[in-house]
Amino acid sequence: MKKEYVMGNAAIALGAIAAGVNVVCGYPGTPSSEIIETVAKHNPDKAIHVEWSINEKAAMEVAAGASYAGARCMVTMKMMGLNVASDALMSLAYVGVEGGLVVVSADDPGPISSQTEQDTRLFAKYCRIPVFDPSSVEEAYQMIQDAFEYSEKYKTPVLFRPTTRIDHAYANIEYDETVKPKEIPGFVKNSKRFVIFPRLSRMNHEMIEKRNPQIGDDFSNYKCNTVAGDEGCKKAIVAGGVSYAYAKEYLQKRTDVKLIHVATPHPLPEKFLLDALKGVEEVLVCEELFPYLEEELLLLAGKHHLTYRVLGKHTGNSPLAGENTSEDVAEAIGVFLKEVSPKDEEFIHKIEQIKGQLLGNESAVNVPKPPMRPPVLCAGCPHRASFYAVKKAMKGKKANFSGDIGCYTLGNAMPLDMVDTCLCMGAGITMAQGLHWTDEDCVNFAFVGDSTFFASGMTGVANAIYNNADLILCVLDNSTTAMTGHQPHPGTGINMMGDVVNKIPIEGVLRGMGIEKVLTVNPLDLEAAKKAVSECAECKGVKAIIFKSPCVAIVKKEAECRINENCIGCQSCIREIGCPAISIVDGAVTIDSAMCTGCTLCAQVCPVGAIEKEVH
Amino acid sequence: MSYNILLCGVGGQGTVLASKLLAAAAGRADRTVHSAETIGMAQRGGPVTSHVRIGDDVYSPLIPKSCADLIIAFEPSEAVRNLPYLKENGALIVNTSVILPVTESLNPSGYTGTEMIAYLRSTIDKCIMVNDGALCESLGSTKFFNVAVLGVAQGAGLIDFTEEDMLDTIRSTVKAAFVDKNIEAFKAGLQAGAEEKEKNPALAEGKEEILQRKLTVEEVEQINALKKEIEDKRNKSY
Ligand code: SF4
Ligand code: SF4
């Protein structure tokens, strides 16, 4: 056994390895990305097949195939990826699996780095499959192994949903490094089982509805569904996910109130809950995202004619949106147990103020406001140059700029202001077409990153060509998936097995689809980039510009720029491009040499040529 | 009992390595340790925090508000931002070097750092101010501040692992090529921390009055009356 201090995501990966996983695939997305990276790192003899699939749907299908042959499979994604994968998962839920198949879908309450606050537990209910909801790193390590067992026992795909605070927390895990992947029995053809037809779906649907209560009963004895507190308590707290940890933090080892942990929200462990809630009159539910357990408890009360009151999001006892904090949960419990009165920020502030006045220590009250630190594109980021070139070339012309998901969404900030829409992966390309059909005189640009292009951009391009839309596709190709931590993709020439593979050329793909005007430019050459944009804006149909320059966060810098004595202090460089390396120090425009990458964009903007490049 | 250390700063300052070293040292000293990073968009100049929690009765991955025994702030405004996490008697180590927001030249916030430093000085008794430039002068780069500041904490008696635990941890965690420099940094911090301890007796004491003087009986009554008034109003509205 080896003891290691690891991140929650690594614990999930190590747990899967301990369960003898054979195939691991997924698509990057915060907060889930480190799971696959950890498996890849712990795969010295390449006994596990690990891949970044091109998107979550592909990942799900690769895993489904392998599972039919009896392999244990794990698919990883963030929760919005589950929307993409849902086509496959929904059907797979009917067909079922052979080898254990666990879908890790990381929820992001807050949302901290996501576009929605959706809840995977509800998705599990919608798919009618089991879901595991870990409340700590240690539990995640254990539970992912159990998830494989249950998946195989009931021949169903199983969801596993950690949240950001579990994914990015650290704890000591003890694991067996010597576990080998399971023997794979091999695919046994059986078209009655593996070919989905209406008849099969009808039959299996009924089987699933009959089976789920049995799984619920099974879960009623599951070791992670726990209850603490004395018999006869009139009050109970029901908690799931990290909120359970917050509740525990407040209650510690107290027994004067019941603390019920639901680790398997679907199928609901009814017997366990009925037993745990015996004699209870009031229940406070602590959970994030949807009022899932809250509604399940109401349902349960209806079903069994129970009279307990359920407090939670619907009753104003918990926040409706955003993530819970330890303090929120503590306050909710404190109020529930009548131990504290609800916090009133205004009131607290007033008291503090009076205290300060009485003591003549007013500075203690008037807390200075820390400055905001909004995220910006890195100094020298090639996306800044690409956006700037398009902006300059289209100055005074009517144009829409549809953005997409990635670092380049930050192109919306001043002074660039170059992202008018952003919806979901790949949507920029198709939304630009919709905008085009409402105003054909306007030039429509769609910005898409290289990884997003492979994930879900290509079908949108085909749609534009087929339906005769006018569109300038701008592929911001920085040869990596920068936003989520620089994962490789089909255009980079390496994969997660450590193989060097053929790069899929984006230019070749676009030409192959039939786009005639495909220009590749270096965005750091401002004149050339502007020329390419103007040239495309002149002609009809689908045109493409590939702005090719690597992400500066992963290349070693070789140069930096310096401002010389010719600077007239006009601050054009600051106002035009907003590079964070340029600032005003003691009245003079200055470049921070540690930050500057020598991209020379500012030098090309400077009207008097006062910025020089120095190569190391 | 638990001991909670919150590290905060701006993306790129090396808070994550510092928190890893603390957690590893705690593990080496056979303590139960948990930690969590709030990363978000950190790589692009946003605020970052690391929560290190040592003890057996810890459940939440993040330190609850008013529960940090020690805050190590790599930048003054980040110290202020995270002050709600500090315990009533908690200690603060803060770097006085200011980092302006990356958007400052475009969108001036007027932030200079002096108001933050003045505020911290006037409100926190157990406060150590250090300057990364001064502390790392002999090392040639402030990039070793993240390890040096751990030395300060150790020297001032604010973390109770042994010096050997910390040194061994540095040796086994940091990349081989940087071990010597980091040990040098830690030792520079140790000395600075020890000097601070001499200067500020409050650091060594357990209980310390945060306010300059105690409230008088009448003042307490005045506040209580006000509390009651507000409480009553609230109860009515329920
Ligand atoms: S060359 Fe100019 S624009 Fe490019 S990183 Fe340096 S300061 Fe920023
Ligand atoms: S990480 Fe790369 S792509 Fe993202 S903002 Fe920085 S330079 Fe640009």
# chains A, B, ... in the order shown; residues from 1 in each chain; ligands from 1
>>> residues_near_ligand(ligand="ligand 2", cutoff="9 Å", atoms="only C-alpha atoms and all ligand atoms", output="PyMOL selection string")
(chain A and resi 376-384+406-408+410+449+476+478+480-486+550-554) or (chain B and resi 43-44)
>>> select_by_dssp(residues="region 41-144 of chain B", states="helix (DSSP H, G or I)", output="JSON, numbers by chain")
{"B": [42, 43, 44, 76, 77, 78, 79, 80, 81, 82, 83, 84, 85, 114, 115, 116, 117, 118, 119, 120, 121, 122, 123, 132, 133, 134, 135, 137, 138, 139, 142, 143, 144]}
>>> atom_distance(atom1="CA of Arg161 (chain A)", atom2="CA of Leu82 (chain A)")
10.9 Å
>>> residues_around(residues="region 108-122 of chain B", least_positions_apart="2", cutoff="7 Å", atoms="only C-alpha atoms", output="PyMOL selection string")
(chain A and resi 363-364+368+371) or (chain B and resi 76-77+80+98+104-106+124)
>>> write_last_selection(atoms="C-alpha atoms", output="PDB file, in the first residue's frame")
ATOM      1  CA  SER A 363     -10.410  52.572  10.883  1.00  0.00           C
ATOM      2  CA  ALA A 364     -11.308  49.219  12.389  1.00  0.00           C
ATOM      3  CA  PRO A 368     -10.887  49.406   2.810  1.00  0.00           C
ATOM      4  CA  PRO A 371      -9.500  45.992  -5.682  1.00  0.00           C
TER       5      PRO A 371
ATOM      6  CA  PRO B  76      -1.864  43.385   1.350  1.00  0.00           C
ATOM      7  CA  SER B  77      -5.265  43.709  -0.342  1.00  0.00           C
ATOM      8  CA  VAL B  80      -7.891  42.315   3.727  1.00  0.00           C
ATOM      9  CA  VAL B  98       1.615  45.600  -3.658  1.00  0.00           C
ATOM     10  CA  GLU B 104      -5.089  48.884 -13.470  1.00  0.00           C
ATOM     11  CA  SER B 105      -3.677  50.975 -16.328  1.00  0.00           C
ATOM     12  CA  LEU B 106      -6.879  50.592 -18.322  1.00  0.00           C
ATOM     13  CA  ILE B 124      -4.616  43.015  13.952  1.00  0.00           C
TER      14      ILE B 124
END
>>> residues_near_ligand(ligand="ligand 1", cutoff="7 Å", atoms="only C-alpha atoms and all ligand atoms", output="tab-separated table (two decimals) with N, CA and C atoms, in the first residue's frame")
chain	number	residue	atom	x	y	z
A	379	ALA	N	-0.55	38.18	-20.85
A	379	ALA	CA	0.31	39.05	-21.65
A	379	ALA	C	0.84	38.22	-22.82
A	380	GLY	N	0.78	38.77	-24.00
A	380	GLY	CA	1.31	38.08	-25.17
A	380	GLY	C	0.41	37.00	-25.73
A	560	GLU	N	11.61	39.85	-25.25
A	560	GLU	CA	10.67	40.75	-24.59
A	560	GLU	C	10.82	42.13	-25.20
A	561	CYS	N	9.83	42.97	-24.98
A	561	CYS	CA	9.86	44.30	-25.58
A	561	CYS	C	10.16	45.35	-24.51
A	579	CYS	N	-2.91	44.90	-22.96
A	579	CYS	CA	-2.01	43.83	-22.49
A	579	CYS	C	-1.64	44.10	-21.03
A	580	PRO	N	-1.78	43.10	-20.15
A	580	PRO	CA	-1.51	43.34	-18.73
A	580	PRO	C	-0.05	43.65	-18.41
A	581	ALA	N	0.87	43.42	-19.37
A	581	ALA	CA	2.28	43.70	-19.09
A	581	ALA	C	2.59	45.19	-19.18
A	582	ILE	N	1.69	45.95	-19.80
A	582	ILE	CA	1.97	47.39	-19.97
A	582	ILE	C	1.21	48.17	-18.90
A	591	ILE	N	6.85	48.60	-19.67
A	591	ILE	CA	6.53	47.19	-19.89
A	591	ILE	C	7.17	46.37	-18.78
A	595	MET	N	6.63	39.83	-17.31
A	595	MET	CA	5.38	39.35	-17.90
A	595	MET	C	5.43	39.32	-19.41
A	596	CYS	N	6.10	40.30	-20.01
A	596	CYS	CA	6.09	40.45	-21.48
A	596	CYS	C	6.69	39.22	-22.16
A	597	THR	N	6.07	38.81	-23.25
A	597	THR	CA	6.58	37.66	-23.99
A	597	THR	C	7.24	38.09	-25.29
A	598	GLY	N	7.26	39.38	-25.54
A	598	GLY	CA	7.85	39.87	-26.78
A	598	GLY	C	7.01	39.58	-28.00
A	599	CYS	N	5.70	39.58	-27.82
A	599	CYS	CA	4.83	39.25	-28.95
A	599	CYS	C	4.81	40.37	-30.00
A	600	THR	N	5.20	41.56	-29.62
A	600	THR	CA	5.32	42.76	-30.47
A	600	THR	C	4.00	43.37	-30.93
A	601	LEU	N	2.90	42.90	-30.41
A	601	LEU	CA	1.63	43.51	-30.82
A	601	LEU	C	1.64	45.01	-30.47
A	602	CYS	N	2.10	45.33	-29.26
A	602	CYS	CA	2.11	46.74	-28.84
A	602	CYS	C	3.04	47.55	-29.74
A	603	ALA	N	4.15	46.94	-30.13
A	603	ALA	CA	5.09	47.65	-30.99
A	603	ALA	C	4.44	47.99	-32.33
>>> residues_around(residues="His49 (chain A)", least_positions_apart="2", cutoff="9 Å", atoms="only C-alpha atoms", output="PyMOL selection string")
chain A and resi 22-25+40+43+46-47+51+496-497
>>> write_last_selection(atoms="C-alpha atoms", output="CSV table (one decimal), in the first residue's frame")
chain,number,residue,atom,x,y,z
A,22,ASN,CA,-9.6,-1.0,-18.4
A,23,VAL,CA,-10.8,1.9,-20.4
A,24,VAL,CA,-10.8,5.6,-19.3
A,25,CYS,CA,-12.0,8.4,-21.6
A,40,ALA,CA,-2.5,8.6,-17.7
A,43,ASN,CA,-0.3,3.8,-16.5
A,46,LYS,CA,-0.1,1.1,-20.9
A,47,ALA,CA,-2.4,-1.6,-19.6
A,51,GLU,CA,-7.9,8.9,-24.1
A,496,MET,CA,-2.9,10.3,-23.6
A,497,MET,CA,-1.2,7.0,-24.3
>>> residues_around(residues="His261 (chain A)", least_positions_apart="2", cutoff="9 Å", atoms="only C-alpha atoms", output="PDB file with N, CA, C and O atoms, in the first residue's frame")
ATOM      1  N   SER A 135     -18.923  12.859  -0.341  1.00  0.00           N
ATOM      2  CA  SER A 135     -18.893  14.060   0.486  1.00  0.00           C
ATOM      3  C   SER A 135     -17.481  14.426   0.924  1.00  0.00           C
ATOM      4  O   SER A 135     -17.271  15.410   1.604  1.00  0.00           O
ATOM      5  N   CYS A 224     -22.160   3.895   2.991  1.00  0.00           N
ATOM      6  CA  CYS A 224     -21.967   5.354   3.005  1.00  0.00           C
ATOM      7  C   CYS A 224     -23.253   6.132   3.285  1.00  0.00           C
ATOM      8  O   CYS A 224     -23.213   7.336   3.480  1.00  0.00           O
ATOM      9  N   ASN A 225     -24.400   5.449   3.249  1.00  0.00           N
ATOM     10  CA  ASN A 225     -25.625   6.105   3.718  1.00  0.00           C
ATOM     11  C   ASN A 225     -25.663   5.928   5.224  1.00  0.00           C
ATOM     12  O   ASN A 225     -25.858   4.817   5.717  1.00  0.00           O
ATOM     13  N   THR A 226     -25.457   7.010   5.948  1.00  0.00           N
ATOM     14  CA  THR A 226     -25.267   6.866   7.393  1.00  0.00           C
ATOM     15  C   THR A 226     -26.227   7.747   8.168  1.00  0.00           C
ATOM     16  O   THR A 226     -26.701   8.761   7.661  1.00  0.00           O
ATOM     17  N   VAL A 227     -26.468   7.338   9.391  1.00  0.00           N
ATOM     18  CA  VAL A 227     -27.263   8.175  10.276  1.00  0.00           C
ATOM     19  C   VAL A 227     -26.565   8.240  11.628  1.00  0.00           C
ATOM     20  O   VAL A 227     -26.061   7.241  12.128  1.00  0.00           O
ATOM     21  N   ALA A 228     -26.499   9.457  12.188  1.00  0.00           N
ATOM     22  CA  ALA A 228     -25.914   9.644  13.516  1.00  0.00           C
ATOM     23  C   ALA A 228     -26.929  10.375  14.376  1.00  0.00           C
ATOM     24  O   ALA A 228     -27.818  11.042  13.858  1.00  0.00           O
ATOM     25  N   ILE A 237     -31.302  16.388  10.227  1.00  0.00           N
ATOM     26  CA  ILE A 237     -30.705  17.099   9.105  1.00  0.00           C
ATOM     27  C   ILE A 237     -30.363  16.051   8.066  1.00  0.00           C
ATOM     28  O   ILE A 237     -29.707  15.042   8.370  1.00  0.00           O
ATOM     29  N   VAL A 238     -30.847  16.260   6.856  1.00  0.00           N
ATOM     30  CA  VAL A 238     -30.512  15.348   5.768  1.00  0.00           C
ATOM     31  C   VAL A 238     -29.571  16.090   4.844  1.00  0.00           C
ATOM     32  O   VAL A 238     -29.879  17.210   4.411  1.00  0.00           O
ATOM     33  N   ALA A 239     -28.404  15.517   4.554  1.00  0.00           N
ATOM     34  CA  ALA A 239     -27.421  16.228   3.746  1.00  0.00           C
ATOM     35  C   ALA A 239     -26.774  15.313   2.724  1.00  0.00           C
ATOM     36  O   ALA A 239     -26.685  14.105   2.923  1.00  0.00           O
ATOM     37  N   GLY A 240     -26.355  15.918   1.623  1.00  0.00           N
ATOM     38  CA  GLY A 240     -25.648  15.184   0.585  1.00  0.00           C
ATOM     39  C   GLY A 240     -24.471  15.988   0.084  1.00  0.00           C
ATOM     40  O   GLY A 240     -24.446  17.210   0.224  1.00  0.00           O
ATOM     41  N   GLY A 241     -23.488  15.288  -0.497  1.00  0.00           N
ATOM     42  CA  GLY A 241     -22.317  15.967  -1.065  1.00  0.00           C
ATOM     43  C   GLY A 241     -21.526  16.694  -0.003  1.00  0.00           C
ATOM     44  O   GLY A 241     -21.580  16.358   1.184  1.00  0.00           O
ATOM     45  N   TYR A 244     -22.793  17.802   3.441  1.00  0.00           N
ATOM     46  CA  TYR A 244     -22.743  16.891   4.590  1.00  0.00           C
ATOM     47  C   TYR A 244     -21.501  17.191   5.423  1.00  0.00           C
ATOM     48  O   TYR A 244     -21.543  17.227   6.656  1.00  0.00           O
ATOM     49  N   LEU A 259     -28.261  13.332  12.124  1.00  0.00           N
ATOM     50  CA  LEU A 259     -27.597  13.779  10.897  1.00  0.00           C
ATOM     51  C   LEU A 259     -27.599  12.601   9.925  1.00  0.00           C
ATOM     52  O   LEU A 259     -26.999  11.558  10.184  1.00  0.00           O
ATOM     53  N   ALA A 263     -25.810   9.246   0.430  1.00  0.00           N
ATOM     54  CA  ALA A 263     -24.703   9.143  -0.519  1.00  0.00           C
ATOM     55  C   ALA A 263     -25.180   8.644  -1.880  1.00  0.00           C
ATOM     56  O   ALA A 263     -24.472   8.775  -2.872  1.00  0.00           O
TER      57      ALA A 263
END
>>> atom_distance(atom1="CA of Val75 (chain A)", atom2="CA of Ile144 (chain A)")
11.9 Å
>>> closest_residue(among="A:Ser326, A:Gln353, A:Thr156, A:Ser91", to="chain B", atoms="only C-alpha atoms")
A:Ser326
>>> atom_distance(atom1="CA of Met129 (chain B)", atom2="CA of Phe161 (chain B)")
21.9 Å
>>> select_by_dssp(residues="region 219-446 of chain A", states="strand (DSSP E or B)", output="JSON, numbers by chain")
{"A": [226, 227, 228, 235, 236, 237, 238, 239, 258, 259, 260, 261, 266, 282, 283, 284, 285, 286, 309, 310, 311, 399, 400, 401, 402, 421, 443, 444, 445, 446]}
>>> write_last_selection(atoms="N, CA and C atoms", output="compact mmCIF listing (two decimals), in the first residue's frame")
# COMPACT_ATOMS: atom_id res chain seq x y z
N THR A 226 -25.46 7.01 5.95
CA THR A 226 -25.27 6.87 7.39
C THR A 226 -26.23 7.75 8.17
N VAL A 227 -26.47 7.34 9.39
CA VAL A 227 -27.26 8.17 10.28
C VAL A 227 -26.57 8.24 11.63
N ALA A 228 -26.50 9.46 12.19
CA ALA A 228 -25.91 9.64 13.52
C ALA A 228 -26.93 10.38 14.38
N LYS A 235 -35.75 16.30 15.58
CA LYS A 235 -35.22 17.05 14.45
C LYS A 235 -34.13 16.26 13.75
N ALA A 236 -34.12 16.39 12.42
CA ALA A 236 -33.09 15.69 11.65
C ALA A 236 -32.56 16.61 10.56
N ILE A 237 -31.30 16.39 10.23
CA ILE A 237 -30.70 17.10 9.11
C ILE A 237 -30.36 16.05 8.07
N VAL A 238 -30.85 16.26 6.86
CA VAL A 238 -30.51 15.35 5.77
C VAL A 238 -29.57 16.09 4.84
N ALA A 239 -28.40 15.52 4.55
CA ALA A 239 -27.42 16.23 3.75
C ALA A 239 -26.77 15.31 2.72
N LYS A 258 -30.48 14.34 14.67
CA LYS A 258 -30.03 13.31 13.73
C LYS A 258 -29.34 13.93 12.54
N LEU A 259 -28.26 13.33 12.12
CA LEU A 259 -27.60 13.78 10.90
C LEU A 259 -27.60 12.60 9.92
N ILE A 260 -28.33 12.78 8.84
CA ILE A 260 -28.52 11.69 7.89
C ILE A 260 -27.79 12.02 6.59
N HIS A 261 -26.91 11.14 6.21
CA HIS A 261 -26.12 11.36 4.99
C HIS A 261 -26.67 10.48 3.87
N HIS A 266 -30.14 8.55 -5.98
CA HIS A 266 -31.07 7.81 -6.85
C HIS A 266 -30.51 6.43 -7.16
N GLU A 282 -39.31 17.39 12.19
CA GLU A 282 -38.84 18.44 11.29
C GLU A 282 -37.51 18.03 10.66
N VAL A 283 -37.40 18.25 9.36
CA VAL A 283 -36.16 17.89 8.66
C VAL A 283 -35.61 19.12 7.96
N LEU A 284 -34.34 19.38 8.16
CA LEU A 284 -33.67 20.43 7.39
C LEU A 284 -32.80 19.74 6.35
N VAL A 285 -32.94 20.14 5.09
CA VAL A 285 -32.14 19.53 4.04
C VAL A 285 -31.00 20.46 3.64
N CYS A 286 -29.77 19.94 3.66
CA CYS A 286 -28.61 20.72 3.24
C CYS A 286 -28.04 20.11 1.98
N ARG A 309 -42.15 17.90 8.68
CA ARG A 309 -42.02 19.11 7.86
C ARG A 309 -40.66 19.10 7.19
N VAL A 310 -40.60 19.51 5.95
CA VAL A 310 -39.32 19.54 5.24
C VAL A 310 -38.91 20.98 4.99
N LEU A 311 -37.76 21.35 5.52
CA LEU A 311 -37.24 22.71 5.31
C LEU A 311 -36.04 22.67 4.39
N ALA A 399 -20.69 44.48 -38.26
CA ALA A 399 -20.23 43.10 -38.06
C ALA A 399 -20.67 42.58 -36.70
N ASN A 400 -20.97 41.27 -36.63
CA ASN A 400 -21.25 40.60 -35.37
C ASN A 400 -20.12 39.63 -35.06
N PHE A 401 -19.84 39.49 -33.78
CA PHE A 401 -18.75 38.59 -33.38
C PHE A 401 -19.29 37.53 -32.43
N SER A 402 -19.46 36.34 -32.94
CA SER A 402 -19.95 35.25 -32.10
C SER A 402 -18.76 34.53 -31.48
N THR A 421 -21.60 37.17 -28.46
CA THR A 421 -22.42 36.08 -27.95
C THR A 421 -21.51 34.95 -27.48
N VAL A 443 -21.67 41.53 -41.61
CA VAL A 443 -20.66 40.47 -41.73
C VAL A 443 -20.63 39.70 -40.41
N ASN A 444 -20.73 38.39 -40.49
CA ASN A 444 -20.74 37.59 -39.27
C ASN A 444 -19.46 36.79 -39.08
N PHE A 445 -18.86 36.99 -37.93
CA PHE A 445 -17.64 36.26 -37.58
C PHE A 445 -17.97 35.23 -36.51
N ALA A 446 -17.34 34.07 -36.61
CA ALA A 446 -17.45 33.08 -35.54
C ALA A 446 -16.04 32.74 -35.09
>>> interface_residues(of="chain A", to="chain B", cutoff="7 Å", atoms="only C-alpha atoms", output="ChimeraX atom specification")
/A:112-113,165,168-171,245-246,248-249,326-327,351,363-364,368,370-371,373-378,574-575,578,580,583-584
>>> write_last_selection(atoms="C-alpha atoms", output="PDB file, in the first residue's frame")
ATOM      1  CA  ILE A 112     -17.253  28.845 -10.392  1.00  0.00           C
ATOM      2  CA  SER A 113     -16.112  28.067 -13.923  1.00  0.00           C
ATOM      3  CA  ARG A 165     -14.947  21.351  -3.555  1.00  0.00           C
ATOM      4  CA  HIS A 168     -10.064  20.273  -5.794  1.00  0.00           C
ATOM      5  CA  ALA A 169      -9.664  19.276  -2.154  1.00  0.00           C
ATOM      6  CA  TYR A 170      -6.666  17.238  -0.948  1.00  0.00           C
ATOM      7  CA  ALA A 171      -6.358  14.368   1.493  1.00  0.00           C
ATOM      8  CA  ALA A 245     -19.152  17.773   5.459  1.00  0.00           C
ATOM      9  CA  TYR A 246     -20.228  21.311   6.300  1.00  0.00           C
ATOM     10  CA  LYS A 248     -20.571  17.695  10.279  1.00  0.00           C
ATOM     11  CA  GLU A 249     -18.173  20.577  10.768  1.00  0.00           C
ATOM     12  CA  SER A 326     -19.575  26.030   5.646  1.00  0.00           C
ATOM     13  CA  GLU A 327     -20.957  29.218   7.240  1.00  0.00           C
ATOM     14  CA  ILE A 351     -22.866  47.191  15.967  1.00  0.00           C
ATOM     15  CA  SER A 363     -10.410  52.572  10.883  1.00  0.00           C
ATOM     16  CA  ALA A 364     -11.308  49.219  12.389  1.00  0.00           C
ATOM     17  CA  PRO A 368     -10.887  49.406   2.810  1.00  0.00           C
ATOM     18  CA  PRO A 370      -9.750  45.354  -1.940  1.00  0.00           C
ATOM     19  CA  PRO A 371      -9.500  45.992  -5.682  1.00  0.00           C
ATOM     20  CA  ARG A 373      -8.974  41.389 -10.051  1.00  0.00           C
ATOM     21  CA  PRO A 374     -10.898  40.319 -13.127  1.00  0.00           C
ATOM     22  CA  PRO A 375      -9.284  37.631 -15.259  1.00  0.00           C
ATOM     23  CA  VAL A 376      -7.736  38.810 -18.516  1.00  0.00           C
ATOM     24  CA  LEU A 377      -6.007  37.173 -21.467  1.00  0.00           C
ATOM     25  CA  CYS A 378      -2.346  36.557 -20.581  1.00  0.00           C
ATOM     26  CA  ILE A 574      -2.627  50.585 -23.298  1.00  0.00           C
ATOM     27  CA  ARG A 575      -5.919  51.806 -24.689  1.00  0.00           C
ATOM     28  CA  GLY A 578      -5.036  46.069 -22.958  1.00  0.00           C
ATOM     29  CA  PRO A 580      -1.509  43.341 -18.727  1.00  0.00           C
ATOM     30  CA  SER A 583       1.263  49.864 -17.197  1.00  0.00           C
ATOM     31  CA  ILE A 584       2.088  53.369 -16.091  1.00  0.00           C
TER      32      ILE A 584
END
>>> residues_around(residues="Thr162 (chain B)", least_positions_apart="5", cutoff="9 Å", atoms="only C-alpha atoms", output="list in words")
Ala25, Ala29, Gln154 and Leu167 of chain B
>>> residues_around(residues="Ile563 (chain A)", least_positions_apart="3", cutoff="10 Å", atoms="only C-alpha atoms", output="list in words")
Asn566, Cys567, Ile582, Ala588, Val589, Thr590, Ile591, Cys602, Ala603, Cys606, Gly609, Ala610, Ile611, Glu612 and Lys613 of chain A
